[in-house]
Amino acid sequence: MKNGPRESNILKGINLAKLPFSISDKDLFSFTKDLSFNIKKIFSLSGQKESIKWCFSSQKKIKVFLIIFDANENLKSIYKEEISKRLPEYSYKTIATIVDEGLSRGYFINLKTTDAKKIEDKKIHNIRPSVELVTDFVNWNIDAICILRKYYDLKKKN
């Protein structure tokens with residue numbers, strides 16, 4: 001198959017040198033088919049656990065979850081207002097709805113703060129992902145790494 005102008009333009013925009021294995025220009029479209037297949041496999045795994053399925057059900061939820069997850073991993077308090085500041089493309093109401101839904105489903109929790117200051121208001125100040133969500137997310141990532149590693153190992157042999 002001869003590359004037309006469209007295919008040539010696609011080839012010009014792809015940095016194949018970043019790959020840990022080599023792909024020739026003539027094999028690029030076979031590579032992109034394999035890539036699409038593997039990405040679909042990875043995202044199909046997200047439907048296996050309800051917590052991940054919920055988090056990945058919209059781009060908004062993914063962004064909110066990743067901010068909460070990041071705060072958890074860095075031992076930082078996070079709350080709705082702070083999430084809203086970090087995602088200015090969404091309204092506070094949208095963020096609050098996602099967080100409240102996550103809390104009601106048990107995917108997010110309000111971890112009591114250990115700050116020396118006593119917080120008197122009823123706001124949630126320390127939103128965290130539940131143990132279930134953390135373990136499901138880490139396991140999903142491990143599965144994704146395994147899928148990509150198998151592909152990498154196969155390409156390295158060829």
# chains A, B, ... in the order shown; residues from 1 in each chain; ligands from 1
$ residues_around --residues "A:Asp34" --least-positions-apart "3" --cutoff "12 Å" --atoms "only C-alpha atoms" --output "list in words"
Asp27, Leu28, Phe29, Ser30, Phe31, Phe37, Asn38, Ile39, Lys40, Lys41, Ile147, Leu148, Lys150, Tyr151, Tyr152, Leu154 and Lys155 of chain A
$ write_last_selection --atoms "all heavy atoms" --output "compact mmCIF listing (two decimals), in the first residue's frame"
# COMPACT_ATOMS: atom_id res chain seq x y z
N ASP A 27 5.37 0.04 8.76
CA ASP A 27 4.65 -0.72 9.79
C ASP A 27 3.82 0.16 10.73
O ASP A 27 3.18 -0.35 11.64
CB ASP A 27 5.63 -1.54 10.63
CG ASP A 27 6.28 -2.66 9.83
OD1 ASP A 27 5.66 -3.14 8.86
OD2 ASP A 27 7.42 -3.04 10.17
N LEU A 28 3.86 1.47 10.49
CA LEU A 28 3.19 2.39 11.41
C LEU A 28 1.70 2.10 11.54
O LEU A 28 1.17 2.10 12.64
CB LEU A 28 3.40 3.85 10.98
CG LEU A 28 2.67 4.85 11.86
CD1 LEU A 28 3.27 4.86 13.26
CD2 LEU A 28 2.71 6.23 11.26
N PHE A 29 1.03 1.85 10.45
CA PHE A 29 -0.42 1.68 10.53
C PHE A 29 -0.82 0.35 11.15
O PHE A 29 -1.86 0.24 11.77
CB PHE A 29 -1.07 1.96 9.18
CG PHE A 29 -0.86 3.41 8.79
CD1 PHE A 29 0.07 3.76 7.83
CD2 PHE A 29 -1.53 4.42 9.46
CE1 PHE A 29 0.30 5.09 7.53
CE2 PHE A 29 -1.30 5.76 9.16
CZ PHE A 29 -0.38 6.09 8.18
N SER A 30 0.05 -0.63 11.07
CA SER A 30 -0.16 -1.87 11.81
C SER A 30 0.02 -1.58 13.31
O SER A 30 -0.75 -2.06 14.15
CB SER A 30 0.84 -2.92 11.34
OG SER A 30 0.75 -4.06 12.13
N PHE A 31 1.03 -0.77 13.62
CA PHE A 31 1.27 -0.36 15.01
C PHE A 31 0.07 0.39 15.59
O PHE A 31 -0.34 0.13 16.71
CB PHE A 31 2.54 0.50 15.08
CG PHE A 31 2.74 1.20 16.39
CD1 PHE A 31 3.09 0.47 17.54
CD2 PHE A 31 2.58 2.56 16.50
CE1 PHE A 31 3.27 1.11 18.75
CE2 PHE A 31 2.76 3.20 17.71
CZ PHE A 31 3.11 2.48 18.84
N PHE A 37 -6.17 -1.44 19.66
CA PHE A 37 -6.64 -2.69 20.25
C PHE A 37 -6.26 -2.77 21.72
O PHE A 37 -7.08 -3.11 22.59
CB PHE A 37 -6.07 -3.88 19.47
CG PHE A 37 -6.41 -5.21 20.08
CD1 PHE A 37 -7.68 -5.76 19.93
CD2 PHE A 37 -5.46 -5.92 20.81
CE1 PHE A 37 -8.00 -6.99 20.49
CE2 PHE A 37 -5.77 -7.14 21.38
CZ PHE A 37 -7.04 -7.67 21.22
N ASN A 38 -5.00 -2.44 22.04
CA ASN A 38 -4.52 -2.52 23.42
C ASN A 38 -5.18 -1.47 24.31
O ASN A 38 -5.52 -1.76 25.46
CB ASN A 38 -3.00 -2.39 23.48
CG ASN A 38 -2.33 -3.66 23.01
OD1 ASN A 38 -2.73 -4.76 23.38
ND2 ASN A 38 -1.33 -3.54 22.16
N ILE A 39 -5.39 -0.27 23.81
CA ILE A 39 -6.06 0.77 24.59
C ILE A 39 -7.50 0.36 24.88
O ILE A 39 -8.00 0.53 26.00
CB ILE A 39 -6.00 2.14 23.88
CG1 ILE A 39 -4.54 2.62 23.79
CG2 ILE A 39 -6.87 3.17 24.56
CD1 ILE A 39 -3.85 2.88 25.11
N LYS A 40 -8.17 -0.22 23.89
CA LYS A 40 -9.54 -0.70 24.12
C LYS A 40 -9.56 -1.79 25.18
O LYS A 40 -10.45 -1.82 26.04
CB LYS A 40 -10.16 -1.22 22.82
CG LYS A 40 -10.63 -0.12 21.88
CD LYS A 40 -11.44 -0.68 20.74
CE LYS A 40 -10.56 -0.94 19.56
NZ LYS A 40 -11.26 -1.39 18.37
N LYS A 41 -8.56 -2.67 25.15
CA LYS A 41 -8.45 -3.72 26.16
C LYS A 41 -8.27 -3.12 27.55
O LYS A 41 -8.91 -3.54 28.51
CB LYS A 41 -7.24 -4.63 25.82
CG LYS A 41 -7.59 -6.05 25.72
CD LYS A 41 -6.59 -7.01 25.14
CE LYS A 41 -5.18 -6.99 25.51
NZ LYS A 41 -4.41 -8.12 24.94
N ILE A 147 -0.56 -5.22 30.06
CA ILE A 147 -0.98 -5.29 28.65
C ILE A 147 0.05 -4.63 27.76
O ILE A 147 0.47 -5.18 26.74
CB ILE A 147 -2.38 -4.66 28.47
CG1 ILE A 147 -3.45 -5.56 29.08
CG2 ILE A 147 -2.68 -4.38 26.99
CD1 ILE A 147 -4.82 -4.92 29.21
N LEU A 148 0.48 -3.44 28.14
CA LEU A 148 1.46 -2.72 27.33
C LEU A 148 2.83 -3.41 27.37
O LEU A 148 3.54 -3.43 26.37
CB LEU A 148 1.57 -1.27 27.79
CG LEU A 148 0.29 -0.45 27.57
CD1 LEU A 148 0.43 0.94 28.16
CD2 LEU A 148 -0.06 -0.37 26.09
N LYS A 150 3.35 -6.66 27.63
CA LYS A 150 3.28 -7.82 26.73
C LYS A 150 3.49 -7.37 25.30
O LYS A 150 4.20 -8.02 24.53
CB LYS A 150 1.92 -8.52 26.87
CG LYS A 150 1.79 -9.39 28.07
CD LYS A 150 0.42 -10.05 28.10
CE LYS A 150 0.15 -10.64 29.45
NZ LYS A 150 -1.23 -11.10 29.59
N TYR A 151 2.87 -6.26 24.93
CA TYR A 151 3.03 -5.75 23.57
C TYR A 151 4.48 -5.34 23.33
O TYR A 151 5.07 -5.66 22.31
CB TYR A 151 2.09 -4.56 23.33
CG TYR A 151 2.21 -4.03 21.93
CD1 TYR A 151 1.64 -4.70 20.87
CD2 TYR A 151 2.92 -2.85 21.67
CE1 TYR A 151 1.77 -4.24 19.58
CE2 TYR A 151 3.05 -2.39 20.38
CZ TYR A 151 2.48 -3.08 19.34
OH TYR A 151 2.61 -2.63 18.06
N TYR A 152 5.07 -4.65 24.30
CA TYR A 152 6.47 -4.22 24.19
C TYR A 152 7.39 -5.43 24.03
O TYR A 152 8.27 -5.45 23.17
CB TYR A 152 6.86 -3.41 25.42
CG TYR A 152 8.34 -3.13 25.53
CD1 TYR A 152 8.96 -2.22 24.68
CD2 TYR A 152 9.12 -3.78 26.48
CE1 TYR A 152 10.32 -1.96 24.78
CE2 TYR A 152 10.47 -3.53 26.59
CZ TYR A 152 11.07 -2.63 25.73
OH TYR A 152 12.40 -2.38 25.82
N LEU A 154 6.68 -8.36 22.91
CA LEU A 154 6.45 -8.96 21.60
C LEU A 154 7.18 -8.18 20.51
O LEU A 154 7.82 -8.75 19.65
CB LEU A 154 4.94 -9.00 21.31
CG LEU A 154 4.52 -9.62 19.99
CD1 LEU A 154 4.81 -11.12 20.01
CD2 LEU A 154 3.05 -9.37 19.75
N LYS A 155 7.11 -6.87 20.56
CA LYS A 155 7.77 -6.02 19.56
C LYS A 155 9.29 -6.10 19.67
O LYS A 155 9.98 -6.04 18.67
CB LYS A 155 7.32 -4.55 19.71
CG LYS A 155 5.95 -4.29 19.16
CD LYS A 155 5.95 -4.59 17.68
CE LYS A 155 4.64 -4.38 17.03
NZ LYS A 155 4.60 -4.87 15.67
$ residues_around --residues "A:Ile83" --least-positions-apart "6" --cutoff "8 Å" --atoms "only C-alpha atoms" --output "ChimeraX atom specification"
/A:64,67-68,95
$ residues_around --residues "stretch 69-82 of chain A" --least-positions-apart "3" --cutoff "6 Å" --atoms "only C-alpha atoms" --output "MDAnalysis selection string"
chainID A and resid 65:66 85 125:128
$ write_last_selection --atoms "N, CA, C and O atoms" --output "CSV table (one decimal), in the first residue's frame"
chain,number,residue,atom,x,y,z
A,65,PHE,N,-11.6,12.8,40.3
A,65,PHE,CA,-11.0,11.7,41.0
A,65,PHE,C,-9.4,11.8,41.1
A,65,PHE,O,-8.8,11.6,42.1
A,66,LEU,N,-8.8,12.2,39.9
A,66,LEU,CA,-7.4,12.3,39.9
A,66,LEU,C,-6.8,13.4,40.9
A,66,LEU,O,-5.8,13.2,41.5
A,85,LYS,N,-11.4,25.2,42.2
A,85,LYS,CA,-10.3,26.1,41.8
A,85,LYS,C,-9.4,25.5,40.8
A,85,LYS,O,-8.9,26.2,39.9
A,125,HIS,N,-13.6,18.6,54.6
A,125,HIS,CA,-12.3,19.3,54.4
A,125,HIS,C,-11.2,18.3,54.0
A,125,HIS,O,-10.2,18.7,53.6
A,126,ASN,N,-11.5,17.0,54.0
A,126,ASN,CA,-10.4,16.1,53.7
A,126,ASN,C,-11.0,14.9,52.9
A,126,ASN,O,-11.1,13.8,53.4
A,127,ILE,N,-11.4,15.2,51.7
A,127,ILE,CA,-11.9,14.1,50.8
A,127,ILE,C,-10.8,13.2,50.4
A,127,ILE,O,-9.8,13.6,50.0
A,128,ARG,N,-11.1,11.9,50.5
A,128,ARG,CA,-10.2,10.9,50.1
A,128,ARG,C,-10.9,9.8,49.3
A,128,ARG,O,-12.1,9.6,49.4
$ atom_distance --atom1 "atom CA of A:Ile109" --atom2 "atom CA of A:Val138"
17.5 Å
$ atom_distance --atom1 "atom CA of A:Ser91" --atom2 "atom CA of A:Phe56"
19.3 Å
$ residues_around --residues "A:Asp136" --least-positions-apart "6" --cutoff "8 Å" --atoms "only C-alpha atoms" --output "list of chain:residue names"
A:Lys49, A:Ser51, A:Ile52
$ decode --residues "stretch 30-41 of chain A" --atoms "all heavy atoms" --output "PDB file, in the first residue's frame"
ATOM      1  N   SER A  30       0.054  -0.628  11.066  1.00  0.00           N
ATOM      2  CA  SER A  30      -0.157  -1.866  11.806  1.00  0.00           C
ATOM      3  C   SER A  30       0.021  -1.582  13.306  1.00  0.00           C
ATOM      4  O   SER A  30      -0.749  -2.062  14.146  1.00  0.00           O
ATOM      5  CB  SER A  30       0.844  -2.920  11.336  1.00  0.00           C
ATOM      6  OG  SER A  30       0.755  -4.064  12.134  1.00  0.00           O
ATOM      7  N   PHE A  31       1.026  -0.768  13.624  1.00  0.00           N
ATOM      8  CA  PHE A  31       1.272  -0.364  15.006  1.00  0.00           C
ATOM      9  C   PHE A  31       0.074   0.390  15.585  1.00  0.00           C
ATOM     10  O   PHE A  31      -0.343   0.131  16.708  1.00  0.00           O
ATOM     11  CB  PHE A  31       2.543   0.501  15.081  1.00  0.00           C
ATOM     12  CG  PHE A  31       2.736   1.195  16.393  1.00  0.00           C
ATOM     13  CD1 PHE A  31       3.092   0.474  17.536  1.00  0.00           C
ATOM     14  CD2 PHE A  31       2.578   2.565  16.502  1.00  0.00           C
ATOM     15  CE1 PHE A  31       3.267   1.115  18.752  1.00  0.00           C
ATOM     16  CE2 PHE A  31       2.761   3.205  17.709  1.00  0.00           C
ATOM     17  CZ  PHE A  31       3.112   2.482  18.840  1.00  0.00           C
ATOM     18  N   THR A  32      -0.488   1.314  14.818  1.00  0.00           N
ATOM     19  CA  THR A  32      -1.620   2.094  15.342  1.00  0.00           C
ATOM     20  C   THR A  32      -2.848   1.211  15.545  1.00  0.00           C
ATOM     21  O   THR A  32      -3.619   1.435  16.479  1.00  0.00           O
ATOM     22  CB  THR A  32      -1.957   3.302  14.444  1.00  0.00           C
ATOM     23  OG1 THR A  32      -2.250   2.861  13.121  1.00  0.00           O
ATOM     24  CG2 THR A  32      -0.816   4.306  14.433  1.00  0.00           C
ATOM     25  N   LYS A  33      -3.031   0.206  14.702  1.00  0.00           N
ATOM     26  CA  LYS A  33      -4.126  -0.749  14.922  1.00  0.00           C
ATOM     27  C   LYS A  33      -3.905  -1.523  16.214  1.00  0.00           C
ATOM     28  O   LYS A  33      -4.815  -1.701  17.018  1.00  0.00           O
ATOM     29  CB  LYS A  33      -4.265  -1.711  13.737  1.00  0.00           C
ATOM     30  CG  LYS A  33      -4.955  -1.105  12.550  1.00  0.00           C
ATOM     31  CD  LYS A  33      -5.403  -2.078  11.485  1.00  0.00           C
ATOM     32  CE  LYS A  33      -4.520  -3.224  11.208  1.00  0.00           C
ATOM     33  NZ  LYS A  33      -4.851  -3.994  10.012  1.00  0.00           N
ATOM     34  N   ASP A  34      -2.670  -1.979  16.428  1.00  0.00           N
ATOM     35  CA  ASP A  34      -2.329  -2.691  17.668  1.00  0.00           C
ATOM     36  C   ASP A  34      -2.518  -1.784  18.877  1.00  0.00           C
ATOM     37  O   ASP A  34      -3.039  -2.211  19.916  1.00  0.00           O
ATOM     38  CB  ASP A  34      -0.878  -3.172  17.634  1.00  0.00           C
ATOM     39  CG  ASP A  34      -0.629  -4.277  16.626  1.00  0.00           C
ATOM     40  OD1 ASP A  34      -1.615  -4.893  16.154  1.00  0.00           O
ATOM     41  OD2 ASP A  34       0.554  -4.511  16.303  1.00  0.00           O
ATOM     42  N   LEU A  35      -2.093  -0.543  18.740  1.00  0.00           N
ATOM     43  CA  LEU A  35      -2.231   0.429  19.826  1.00  0.00           C
ATOM     44  C   LEU A  35      -3.701   0.620  20.194  1.00  0.00           C
ATOM     45  O   LEU A  35      -4.067   0.572  21.365  1.00  0.00           O
ATOM     46  CB  LEU A  35      -1.604   1.758  19.401  1.00  0.00           C
ATOM     47  CG  LEU A  35      -1.511   2.848  20.439  1.00  0.00           C
ATOM     48  CD1 LEU A  35      -0.606   2.431  21.576  1.00  0.00           C
ATOM     49  CD2 LEU A  35      -0.985   4.120  19.788  1.00  0.00           C
ATOM     50  N   SER A  36      -4.535   0.799  19.195  1.00  0.00           N
ATOM     51  CA  SER A  36      -5.970   0.966  19.419  1.00  0.00           C
ATOM     52  C   SER A  36      -6.556  -0.270  20.108  1.00  0.00           C
ATOM     53  O   SER A  36      -7.326  -0.152  21.065  1.00  0.00           O
ATOM     54  CB  SER A  36      -6.672   1.220  18.088  1.00  0.00           C
ATOM     55  OG  SER A  36      -8.055   1.271  18.252  1.00  0.00           O
ATOM     56  N   PHE A  37      -6.166  -1.437  19.656  1.00  0.00           N
ATOM     57  CA  PHE A  37      -6.644  -2.686  20.249  1.00  0.00           C
ATOM     58  C   PHE A  37      -6.256  -2.769  21.724  1.00  0.00           C
ATOM     59  O   PHE A  37      -7.078  -3.108  22.587  1.00  0.00           O
ATOM     60  CB  PHE A  37      -6.068  -3.885  19.474  1.00  0.00           C
ATOM     61  CG  PHE A  37      -6.406  -5.213  20.079  1.00  0.00           C
ATOM     62  CD1 PHE A  37      -7.677  -5.762  19.925  1.00  0.00           C
ATOM     63  CD2 PHE A  37      -5.458  -5.923  20.811  1.00  0.00           C
ATOM     64  CE1 PHE A  37      -7.998  -6.990  20.494  1.00  0.00           C
ATOM     65  CE2 PHE A  37      -5.768  -7.139  21.383  1.00  0.00           C
ATOM     66  CZ  PHE A  37      -7.037  -7.673  21.221  1.00  0.00           C
ATOM     67  N   ASN A  38      -4.995  -2.436  22.039  1.00  0.00           N
ATOM     68  CA  ASN A  38      -4.521  -2.515  23.423  1.00  0.00           C
ATOM     69  C   ASN A  38      -5.182  -1.468  24.314  1.00  0.00           C
ATOM     70  O   ASN A  38      -5.520  -1.759  25.464  1.00  0.00           O
ATOM     71  CB  ASN A  38      -2.998  -2.393  23.477  1.00  0.00           C
ATOM     72  CG  ASN A  38      -2.332  -3.664  23.006  1.00  0.00           C
ATOM     73  OD1 ASN A  38      -2.734  -4.758  23.377  1.00  0.00           O
ATOM     74  ND2 ASN A  38      -1.333  -3.542  22.164  1.00  0.00           N
ATOM     75  N   ILE A  39      -5.389  -0.273  23.806  1.00  0.00           N
ATOM     76  CA  ILE A  39      -6.059   0.771  24.594  1.00  0.00           C
ATOM     77  C   ILE A  39      -7.503   0.355  24.882  1.00  0.00           C
ATOM     78  O   ILE A  39      -7.995   0.534  26.000  1.00  0.00           O
ATOM     79  CB  ILE A  39      -5.997   2.142  23.879  1.00  0.00           C
ATOM     80  CG1 ILE A  39      -4.541   2.620  23.788  1.00  0.00           C
ATOM     81  CG2 ILE A  39      -6.872   3.170  24.557  1.00  0.00           C
ATOM     82  CD1 ILE A  39      -3.855   2.883  25.111  1.00  0.00           C
ATOM     83  N   LYS A  40      -8.174  -0.216  23.889  1.00  0.00           N
ATOM     84  CA  LYS A  40      -9.543  -0.703  24.117  1.00  0.00           C
ATOM     85  C   LYS A  40      -9.559  -1.790  25.185  1.00  0.00           C
ATOM     86  O   LYS A  40     -10.452  -1.824  26.040  1.00  0.00           O
ATOM     87  CB  LYS A  40     -10.165  -1.219  22.821  1.00  0.00           C
ATOM     88  CG  LYS A  40     -10.626  -0.124  21.880  1.00  0.00           C
ATOM     89  CD  LYS A  40     -11.441  -0.676  20.740  1.00  0.00           C
ATOM     90  CE  LYS A  40     -10.560  -0.937  19.562  1.00  0.00           C
ATOM     91  NZ  LYS A  40     -11.258  -1.389  18.370  1.00  0.00           N
ATOM     92  N   LYS A  41      -8.559  -2.671  25.146  1.00  0.00           N
ATOM     93  CA  LYS A  41      -8.450  -3.724  26.156  1.00  0.00           C
ATOM     94  C   LYS A  41      -8.265  -3.123  27.549  1.00  0.00           C
ATOM     95  O   LYS A  41      -8.913  -3.541  28.507  1.00  0.00           O
ATOM     96  CB  LYS A  41      -7.241  -4.627  25.819  1.00  0.00           C
ATOM     97  CG  LYS A  41      -7.591  -6.053  25.719  1.00  0.00           C
ATOM     98  CD  LYS A  41      -6.593  -7.006  25.139  1.00  0.00           C
ATOM     99  CE  LYS A  41      -5.177  -6.991  25.507  1.00  0.00           C
ATOM    100  NZ  LYS A  41      -4.408  -8.119  24.944  1.00  0.00           N
TER     101      LYS A  41
END
